[in-house]
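Asks: Before I ask anything, let me first share the structure, which is written out below as structure tokens.
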Amino acid sequence: MSQLQERIEQFRKMANDDPDNELGHFRLGQLLMENGQLEDAVKSFQRTLVLSPQFAKVFQLLGQCLIQLNRREEAVKLLTEGYVVADEHGHNMPRDEMGKMLVSLGAKAPESKKATSAAGATGDGFHCQRPGCIAGSHAHKLPKPPMNDDLGRRVCDSICADCWNDWLRNYSVKVINELRLDLSREDHQGQYDEYMRGFFGLE
Ligand SMILES: [Zn+2]
């Protein structure tokens with residue numbers, strides 16, 4: 001079994017054991033996509049969106065799969081919806097990518113209500129990069145990096161305090177248990193960090 005297939009099995013298990021965890025489905029979808037299993041990736045991404053309908057990055061990846069599968073009409077409908085969601089939450093990167101895809105499909109991107117991310121912010125003006133950030137325009141920056149390494153500094157620079165706490169309270173232990181990680185081992189720490197980067201969209 002290749003390493004990619006092994007990881008797919010790992011996340012398939014995670015998605016089955018914990019079917020309401022959108023991140024298991026999301027990571028499974030990404031890995032299936034990487035492995036060219038587009039029909040299966042579509043199902044995982046669709047499931048992710050049922051659980052987390054504001055997860056902008058998922059719209060983008062699902063749109064890419066649909067385009068590659070020549071399901072044009074579905075792609076246009078989904079990307080139009082995704083564009084609006086991403087725009088509302090200030091996720092400019094996936095929004096602009098989806099805009100480009102819509103144009104490449106001969107469709108039109110919806111009008112952006114917030115061309116710049118600063119508009120309408122009521123938090124401390126900090127913009128969180130996590131796709132599907134739970135704080136949106138109310139985001140606050142972490143007071144200091146949560147870990148004393150590069151990843152910790154990246155999290156502090158780009159992820160809001162609410163999303164960090166969401167990870168810590170709701171997902172971190174789950175990931176350690178589900179993937180049976182022993183964080184004293186370097187390869188396991190690497191997997192944990194990779195999962196965290198996936199969670200925050202820091203890839
Ligand atoms: Zn956030």
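Chain labels run A, B, ... following the order of the structure tokens; each chain numbers its residues from 1, and ligands are numbered from 1 in the order shown.
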Return as a VMD selection string every polymer residue, whether protein, DNA or RNA, with at least one atom no more than 12 Å from an atom of ligand 1; count only C-alpha atoms and all ligand atoms.

Replies: chain A and resid 55 89 to 91 123 126 to 142 155 to 167 199 to 201

Asks: Give me a file of those residues, with N, CA, C and O atoms, as a compact mmCIF listing (two decimals), in the first residue's frame.

Replies:
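File produced: selection_29.txt:
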```txt
# COMPACT_ATOMS: atom_id res chain seq x y z
N PHE A 55 -17.75 26.48 5.04
CA PHE A 55 -16.36 26.09 4.86
C PHE A 55 -15.96 26.42 3.41
O PHE A 55 -16.11 25.61 2.50
N HIS A 89 -17.85 35.89 4.43
CA HIS A 89 -16.98 35.63 5.58
C HIS A 89 -15.58 36.19 5.39
O HIS A 89 -14.71 35.93 6.20
N GLY A 90 -15.39 36.95 4.33
CA GLY A 90 -14.10 37.59 4.14
C GLY A 90 -12.98 36.62 3.80
O GLY A 90 -11.81 36.91 4.05
N HIS A 91 -13.32 35.45 3.23
CA HIS A 91 -12.27 34.52 2.80
C HIS A 91 -11.92 34.81 1.35
O HIS A 91 -12.42 34.18 0.42
N GLY A 123 -14.36 43.30 14.92
CA GLY A 123 -13.39 42.78 15.89
C GLY A 123 -12.27 43.79 16.03
O GLY A 123 -12.48 45.00 15.96
N PHE A 126 -8.45 42.19 12.90
CA PHE A 126 -7.62 41.05 12.55
C PHE A 126 -8.39 40.14 11.61
O PHE A 126 -9.57 39.88 11.81
N HIS A 127 -7.69 39.68 10.55
CA HIS A 127 -8.38 38.80 9.61
C HIS A 127 -7.86 37.38 9.74
O HIS A 127 -6.68 37.11 9.52
N CYS A 128 -8.74 36.48 10.15
CA CYS A 128 -8.35 35.08 10.36
C CYS A 128 -8.40 34.34 9.03
O CYS A 128 -9.35 34.48 8.27
N GLN A 129 -7.37 33.54 8.77
CA GLN A 129 -7.30 32.86 7.47
C GLN A 129 -7.94 31.49 7.45
O GLN A 129 -7.95 30.83 6.42
N ARG A 130 -8.44 31.04 8.58
CA ARG A 130 -9.00 29.70 8.56
C ARG A 130 -10.25 29.66 7.68
O ARG A 130 -11.15 30.48 7.84
N PRO A 131 -10.30 28.69 6.74
CA PRO A 131 -11.52 28.59 5.94
C PRO A 131 -12.66 28.21 6.88
O PRO A 131 -12.53 27.28 7.64
N GLY A 132 -13.74 28.96 6.85
CA GLY A 132 -14.83 28.66 7.77
C GLY A 132 -14.55 29.16 9.17
O GLY A 132 -15.05 28.59 10.13
N CYS A 133 -13.78 30.23 9.28
CA CYS A 133 -13.48 30.83 10.60
C CYS A 133 -14.78 31.06 11.35
O CYS A 133 -15.75 31.57 10.79
N ILE A 134 -14.79 30.67 12.64
CA ILE A 134 -16.04 30.77 13.38
C ILE A 134 -16.28 32.20 13.88
O ILE A 134 -17.39 32.54 14.24
N ALA A 135 -15.26 33.03 13.89
CA ALA A 135 -15.43 34.39 14.41
C ALA A 135 -15.74 35.41 13.31
O ALA A 135 -16.34 36.45 13.57
N GLY A 136 -15.35 35.09 12.06
CA GLY A 136 -15.61 36.01 10.95
C GLY A 136 -15.02 37.38 11.20
O GLY A 136 -13.86 37.51 11.59
N SER A 137 -15.86 38.41 11.03
CA SER A 137 -15.34 39.77 11.18
C SER A 137 -15.17 40.17 12.65
O SER A 137 -14.75 41.27 12.96
N HIS A 138 -15.52 39.24 13.57
CA HIS A 138 -15.31 39.53 15.00
C HIS A 138 -14.00 38.94 15.50
O HIS A 138 -13.81 38.76 16.70
N ALA A 139 -13.13 38.58 14.58
CA ALA A 139 -11.90 37.86 14.95
C ALA A 139 -10.96 38.70 15.80
O ALA A 139 -10.83 39.91 15.60
N HIS A 140 -10.34 38.03 16.77
CA HIS A 140 -9.31 38.67 17.58
C HIS A 140 -8.02 37.88 17.48
O HIS A 140 -8.04 36.65 17.42
N LYS A 141 -6.92 38.61 17.50
CA LYS A 141 -5.61 37.97 17.39
C LYS A 141 -5.23 37.30 18.73
O LYS A 141 -5.60 37.76 19.80
N LEU A 142 -4.48 36.20 18.63
CA LEU A 142 -3.94 35.58 19.84
C LEU A 142 -2.90 36.51 20.46
O LEU A 142 -2.14 37.16 19.74
N VAL A 155 0.49 30.39 13.20
CA VAL A 155 -0.86 30.39 13.76
C VAL A 155 -1.17 31.76 14.35
O VAL A 155 -2.22 32.34 14.11
N CYS A 156 -0.22 32.30 15.11
CA CYS A 156 -0.44 33.59 15.76
C CYS A 156 -0.65 34.71 14.73
O CYS A 156 -1.48 35.58 14.91
N ASP A 157 0.08 34.64 13.61
CA ASP A 157 -0.03 35.68 12.59
C ASP A 157 -1.33 35.58 11.79
O ASP A 157 -1.81 36.58 11.26
N SER A 158 -1.86 34.37 11.63
CA SER A 158 -2.95 34.25 10.66
C SER A 158 -4.24 33.63 11.19
O SER A 158 -5.24 33.64 10.49
N ILE A 159 -4.20 33.12 12.43
CA ILE A 159 -5.39 32.44 12.96
C ILE A 159 -5.91 33.17 14.19
O ILE A 159 -5.13 33.60 15.04
N CYS A 160 -7.25 33.30 14.28
CA CYS A 160 -7.80 34.08 15.40
C CYS A 160 -7.89 33.23 16.67
O CYS A 160 -7.82 31.99 16.64
N ALA A 161 -8.08 33.91 17.78
CA ALA A 161 -8.12 33.24 19.09
C ALA A 161 -9.27 32.24 19.17
O ALA A 161 -9.11 31.15 19.72
N ASP A 162 -10.44 32.57 18.61
CA ASP A 162 -11.58 31.66 18.68
C ASP A 162 -11.29 30.35 17.95
O ASP A 162 -11.63 29.27 18.44
N CYS A 163 -10.68 30.46 16.78
CA CYS A 163 -10.39 29.25 16.01
C CYS A 163 -9.33 28.41 16.72
O CYS A 163 -9.40 27.18 16.74
N TRP A 164 -8.36 29.07 17.30
CA TRP A 164 -7.34 28.33 18.04
C TRP A 164 -7.99 27.57 19.20
O TRP A 164 -7.73 26.39 19.41
N ASN A 165 -8.87 28.24 19.94
CA ASN A 165 -9.53 27.58 21.07
C ASN A 165 -10.44 26.45 20.61
O ASN A 165 -10.57 25.43 21.28
N ASP A 166 -11.05 26.63 19.43
CA ASP A 166 -11.90 25.59 18.86
C ASP A 166 -11.05 24.34 18.59
O ASP A 166 -11.45 23.22 18.92
N TRP A 167 -9.89 24.56 18.02
CA TRP A 167 -8.97 23.45 17.76
C TRP A 167 -8.59 22.74 19.06
O TRP A 167 -8.69 21.53 19.20
N PHE A 199 -6.45 21.89 9.34
CA PHE A 199 -7.57 22.46 10.09
C PHE A 199 -7.63 23.97 9.89
O PHE A 199 -8.69 24.55 9.69
N PHE A 200 -6.47 24.59 9.93
CA PHE A 200 -6.41 26.06 9.83
C PHE A 200 -6.25 26.55 8.39
O PHE A 200 -6.21 27.75 8.15
N GLY A 201 -6.12 25.63 7.44
CA GLY A 201 -5.93 26.06 6.05
C GLY A 201 -4.57 26.70 5.83
O GLY A 201 -4.42 27.60 5.02
```

Asks: What lies within 10 Å of Leu32 of chain A using only C-alpha atoms, ignoring chain neighbours under 3 positions off, as a short mmCIF file (atom, residue, chain, number, x, y, z; two decimals) with all heavy atoms, in the first residue's frame?

Replies:
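Okay, around26.cif is ready:
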```
data_model
loop_
_atom_site.label_atom_id
_atom_site.label_comp_id
_atom_site.auth_asym_id
_atom_site.auth_seq_id
_atom_site.Cartn_x
_atom_site.Cartn_y
_atom_site.Cartn_z
N LEU A 4 0.14 7.28 0.47
CA LEU A 4 -1.09 8.02 0.25
C LEU A 4 -2.31 7.14 0.53
O LEU A 4 -3.27 7.56 1.19
CB LEU A 4 -1.12 8.57 -1.19
CG LEU A 4 -2.32 9.42 -1.60
CD1 LEU A 4 -2.51 10.61 -0.66
CD2 LEU A 4 -2.17 9.92 -3.03
N GLN A 5 -2.25 5.91 0.04
CA GLN A 5 -3.38 4.99 0.29
C GLN A 5 -3.54 4.70 1.78
O GLN A 5 -4.66 4.61 2.28
CB GLN A 5 -3.17 3.68 -0.47
CG GLN A 5 -3.62 3.79 -1.91
CD GLN A 5 -3.10 2.64 -2.76
OE1 GLN A 5 -2.03 2.09 -2.47
NE2 GLN A 5 -3.84 2.30 -3.78
N ARG A 7 -2.81 6.73 4.19
CA ARG A 7 -3.42 7.91 4.82
C ARG A 7 -4.90 7.96 4.49
O ARG A 7 -5.72 8.35 5.31
CB ARG A 7 -2.71 9.19 4.35
CG ARG A 7 -1.20 9.09 4.48
CD ARG A 7 -0.57 10.23 5.19
NE ARG A 7 -1.38 10.75 6.27
CZ ARG A 7 -1.58 12.03 6.47
NH1 ARG A 7 -1.05 12.92 5.68
NH2 ARG A 7 -2.31 12.44 7.49
N ILE A 8 -5.23 7.59 3.26
CA ILE A 8 -6.65 7.57 2.88
C ILE A 8 -7.42 6.61 3.80
O ILE A 8 -8.49 6.96 4.32
CB ILE A 8 -6.81 7.16 1.39
CG1 ILE A 8 -6.38 8.32 0.49
CG2 ILE A 8 -8.26 6.77 1.09
CD1 ILE A 8 -6.34 8.00 -0.99
N ARG A 12 -10.37 7.54 6.21
CA ARG A 12 -11.66 6.90 5.96
C ARG A 12 -12.19 6.33 7.28
O ARG A 12 -13.36 6.45 7.60
CB ARG A 12 -11.52 5.79 4.92
CG ARG A 12 -12.85 5.44 4.26
CD ARG A 12 -12.74 4.21 3.40
NE ARG A 12 -11.86 4.36 2.25
CZ ARG A 12 -12.19 4.97 1.12
NH1 ARG A 12 -13.38 5.55 1.00
NH2 ARG A 12 -11.36 5.03 0.12
N PHE A 26 -13.24 16.23 5.32
CA PHE A 26 -12.49 17.20 4.51
C PHE A 26 -11.12 16.65 4.12
O PHE A 26 -10.74 16.67 2.95
CB PHE A 26 -12.33 18.50 5.30
CG PHE A 26 -11.48 19.54 4.62
CD1 PHE A 26 -11.82 20.02 3.36
CD2 PHE A 26 -10.34 20.04 5.24
CE1 PHE A 26 -11.03 20.98 2.73
CE2 PHE A 26 -9.56 21.00 4.62
CZ PHE A 26 -9.90 21.47 3.36
N ARG A 27 -10.38 16.13 5.12
CA ARG A 27 -9.04 15.60 4.83
C ARG A 27 -9.15 14.38 3.92
O ARG A 27 -8.34 14.21 3.01
CB ARG A 27 -8.31 15.23 6.13
CG ARG A 27 -7.88 16.40 6.95
CD ARG A 27 -6.84 17.26 6.25
NE ARG A 27 -5.56 16.58 6.09
CZ ARG A 27 -4.74 16.78 5.06
NH1 ARG A 27 -5.09 17.59 4.09
NH2 ARG A 27 -3.61 16.15 4.99
N LEU A 28 -10.14 13.55 4.14
CA LEU A 28 -10.34 12.38 3.28
C LEU A 28 -10.57 12.85 1.84
O LEU A 28 -9.98 12.32 0.91
CB LEU A 28 -11.52 11.55 3.79
CG LEU A 28 -11.88 10.31 2.97
CD1 LEU A 28 -10.70 9.34 2.89
CD2 LEU A 28 -13.09 9.59 3.58
N GLY A 29 -11.42 13.85 1.69
CA GLY A 29 -11.69 14.38 0.35
C GLY A 29 -10.43 14.89 -0.32
O GLY A 29 -10.17 14.61 -1.50
N ASN A 35 -5.29 11.55 -4.98
CA ASN A 35 -5.11 10.22 -5.54
C ASN A 35 -5.93 10.01 -6.83
O ASN A 35 -6.01 8.91 -7.35
CB ASN A 35 -5.51 9.16 -4.50
CG ASN A 35 -4.85 7.83 -4.74
OD1 ASN A 35 -3.72 7.77 -5.25
ND2 ASN A 35 -5.53 6.76 -4.39
N GLY A 36 -6.59 11.07 -7.30
CA GLY A 36 -7.37 10.98 -8.53
C GLY A 36 -8.70 10.28 -8.38
O GLY A 36 -9.36 9.98 -9.38
N GLN A 37 -9.15 10.01 -7.15
CA GLN A 37 -10.46 9.37 -6.94
C GLN A 37 -11.52 10.46 -6.79
O GLN A 37 -12.04 10.70 -5.70
CB GLN A 37 -10.42 8.48 -5.69
CG GLN A 37 -9.48 7.29 -5.83
CD GLN A 37 -9.29 6.57 -4.50
OE1 GLN A 37 -8.27 6.72 -3.83
NE2 GLN A 37 -10.27 5.78 -4.09
N LEU A 38 -11.83 11.08 -7.93
CA LEU A 38 -12.63 12.31 -7.87
C LEU A 38 -14.07 12.08 -7.44
O LEU A 38 -14.62 12.87 -6.68
CB LEU A 38 -12.59 13.01 -9.23
CG LEU A 38 -11.19 13.48 -9.67
CD1 LEU A 38 -11.25 14.08 -11.06
CD2 LEU A 38 -10.62 14.48 -8.69
N GLU A 39 -14.68 10.99 -7.93
CA GLU A 39 -16.09 10.73 -7.56
C GLU A 39 -16.21 10.58 -6.03
O GLU A 39 -17.13 11.11 -5.42
CB GLU A 39 -16.59 9.43 -8.20
CG GLU A 39 -16.41 9.38 -9.71
CD GLU A 39 -17.65 9.86 -10.44
OE1 GLU A 39 -18.62 10.27 -9.76
OE2 GLU A 39 -17.63 9.83 -11.69
N ASP A 40 -15.25 9.86 -5.44
CA ASP A 40 -15.28 9.67 -3.98
C ASP A 40 -14.96 10.97 -3.25
O ASP A 40 -15.54 11.26 -2.20
CB ASP A 40 -14.26 8.59 -3.57
CG ASP A 40 -14.71 7.20 -3.97
OD1 ASP A 40 -15.91 7.05 -4.30
OD2 ASP A 40 -13.88 6.28 -3.96
N ALA A 41 -14.03 11.75 -3.82
CA ALA A 41 -13.69 13.03 -3.21
C ALA A 41 -14.93 13.93 -3.18
O ALA A 41 -15.19 14.61 -2.18
CB ALA A 41 -12.56 13.70 -3.99
N VAL A 42 -15.70 13.92 -4.27
CA VAL A 42 -16.93 14.73 -4.33
C VAL A 42 -17.84 14.38 -3.16
O VAL A 42 -18.36 15.26 -2.47
CB VAL A 42 -17.66 14.51 -5.68
CG1 VAL A 42 -19.10 15.02 -5.63
CG2 VAL A 42 -16.90 15.20 -6.81
N SER A 44 -17.06 13.05 -0.25
CA SER A 44 -16.51 13.51 1.04
C SER A 44 -16.69 15.01 1.22
O SER A 44 -17.03 15.49 2.29
CB SER A 44 -15.02 13.17 1.13
OG SER A 44 -14.85 11.79 1.23
#
```

Asks: Fewer than 6 positions away in the same chain doesn't count, so skip those; otherwise give me all residues within 8 Å of segment 59-71 of chain A, counting only C-alpha atoms, as a JSON list (two decimals) with N, CA, C and O atoms, in the first residue's frame.

Replies:
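And here's out-v1.json as it stands now:
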```json
[["chain", "number", "residue", "atom", "x", "y", "z"],
["A", 30, "GLN", "N", -9.62, 15.63, 0.44],
["A", 30, "GLN", "CA", -8.37, 16.16, -0.14],
["A", 30, "GLN", "C", -7.45, 15.03, -0.60],
["A", 30, "GLN", "O", -6.85, 15.10, -1.66],
["A", 33, "MET", "N", -8.77, 13.28, -3.65],
["A", 33, "MET", "CA", -8.57, 14.14, -4.81],
["A", 33, "MET", "C", -7.13, 14.01, -5.29],
["A", 33, "MET", "O", -6.87, 13.88, -6.49],
["A", 38, "LEU", "N", -11.83, 11.08, -7.93],
["A", 38, "LEU", "CA", -12.63, 12.31, -7.87],
["A", 38, "LEU", "C", -14.07, 12.08, -7.44],
["A", 38, "LEU", "O", -14.62, 12.87, -6.68],
["A", 39, "GLU", "N", -14.68, 10.99, -7.93],
["A", 39, "GLU", "CA", -16.09, 10.73, -7.56],
["A", 39, "GLU", "C", -16.21, 10.58, -6.03],
["A", 39, "GLU", "O", -17.13, 11.11, -5.42],
["A", 41, "ALA", "N", -14.03, 11.75, -3.82],
["A", 41, "ALA", "CA", -13.69, 13.03, -3.21],
["A", 41, "ALA", "C", -14.93, 13.93, -3.18],
["A", 41, "ALA", "O", -15.19, 14.61, -2.18],
["A", 42, "VAL", "N", -15.70, 13.92, -4.27],
["A", 42, "VAL", "CA", -16.93, 14.73, -4.33],
["A", 42, "VAL", "C", -17.84, 14.38, -3.16],
["A", 42, "VAL", "O", -18.36, 15.26, -2.47],
["A", 45, "PHE", "N", -16.47, 15.76, 0.15],
["A", 45, "PHE", "CA", -16.62, 17.22, 0.24],
["A", 45, "PHE", "C", -18.09, 17.60, 0.44],
["A", 45, "PHE", "O", -18.39, 18.53, 1.19],
["A", 46, "GLN", "N", -18.98, 16.86, -0.22],
["A", 46, "GLN", "CA", -20.40, 17.18, -0.05],
["A", 46, "GLN", "C", -20.82, 16.94, 1.40],
["A", 46, "GLN", "O", -21.56, 17.72, 1.99],
["A", 49, "LEU", "N", -19.67, 19.75, 3.57],
["A", 49, "LEU", "CA", -20.49, 20.96, 3.46],
["A", 49, "LEU", "C", -21.82, 20.82, 4.20],
["A", 49, "LEU", "O", -22.37, 21.81, 4.68],
["A", 78, "LEU", "N", -22.58, 25.35, -7.72],
["A", 78, "LEU", "CA", -21.85, 25.23, -6.45],
["A", 78, "LEU", "C", -20.88, 26.39, -6.25],
["A", 78, "LEU", "O", -20.79, 26.97, -5.16],
["A", 79, "LEU", "N", -20.15, 26.74, -7.31],
["A", 79, "LEU", "CA", -19.14, 27.79, -7.18],
["A", 79, "LEU", "C", -19.79, 29.15, -6.96],
["A", 79, "LEU", "O", -19.25, 30.00, -6.25],
["A", 82, "GLY", "N", -20.66, 29.07, -3.39],
["A", 82, "GLY", "CA", -19.43, 29.14, -2.61],
["A", 82, "GLY", "C", -18.83, 30.53, -2.62],
["A", 82, "GLY", "O", -18.29, 31.01, -1.62],
["A", 94, "PRO", "N", -10.09, 31.84, -1.34],
["A", 94, "PRO", "CA", -10.99, 30.91, -2.03],
["A", 94, "PRO", "C", -12.03, 31.64, -2.89],
["A", 94, "PRO", "O", -12.39, 31.16, -3.97],
["A", 97, "GLU", "N", -10.38, 32.53, -6.17],
["A", 97, "GLU", "CA", -10.15, 31.31, -6.96],
["A", 97, "GLU", "C", -11.45, 30.83, -7.59],
["A", 97, "GLU", "O", -11.48, 30.43, -8.75],
["A", 98, "MET", "N", -12.53, 30.89, -6.83],
["A", 98, "MET", "CA", -13.82, 30.43, -7.35],
["A", 98, "MET", "C", -14.31, 31.38, -8.45],
["A", 98, "MET", "O", -14.89, 30.94, -9.43]]
```

Asks: Find, counting only C-alpha atoms, the residue in A:Asn177, A:Gln54, A:Ser184, A:Thr80 that gets nearest to Met14 of chain A.

Replies: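 The answer is A:Asn177, which sits nearest to Met14 of chain A.
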
Asks: One decimal, in Å: what's the spacing between atom CA of Asp96 of chain A and atom CA of Arg47 of chain A?

Replies: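 Pair atom CA of Asp96 of chain A / atom CA of Arg47 of chain A returns 23.4 Å.
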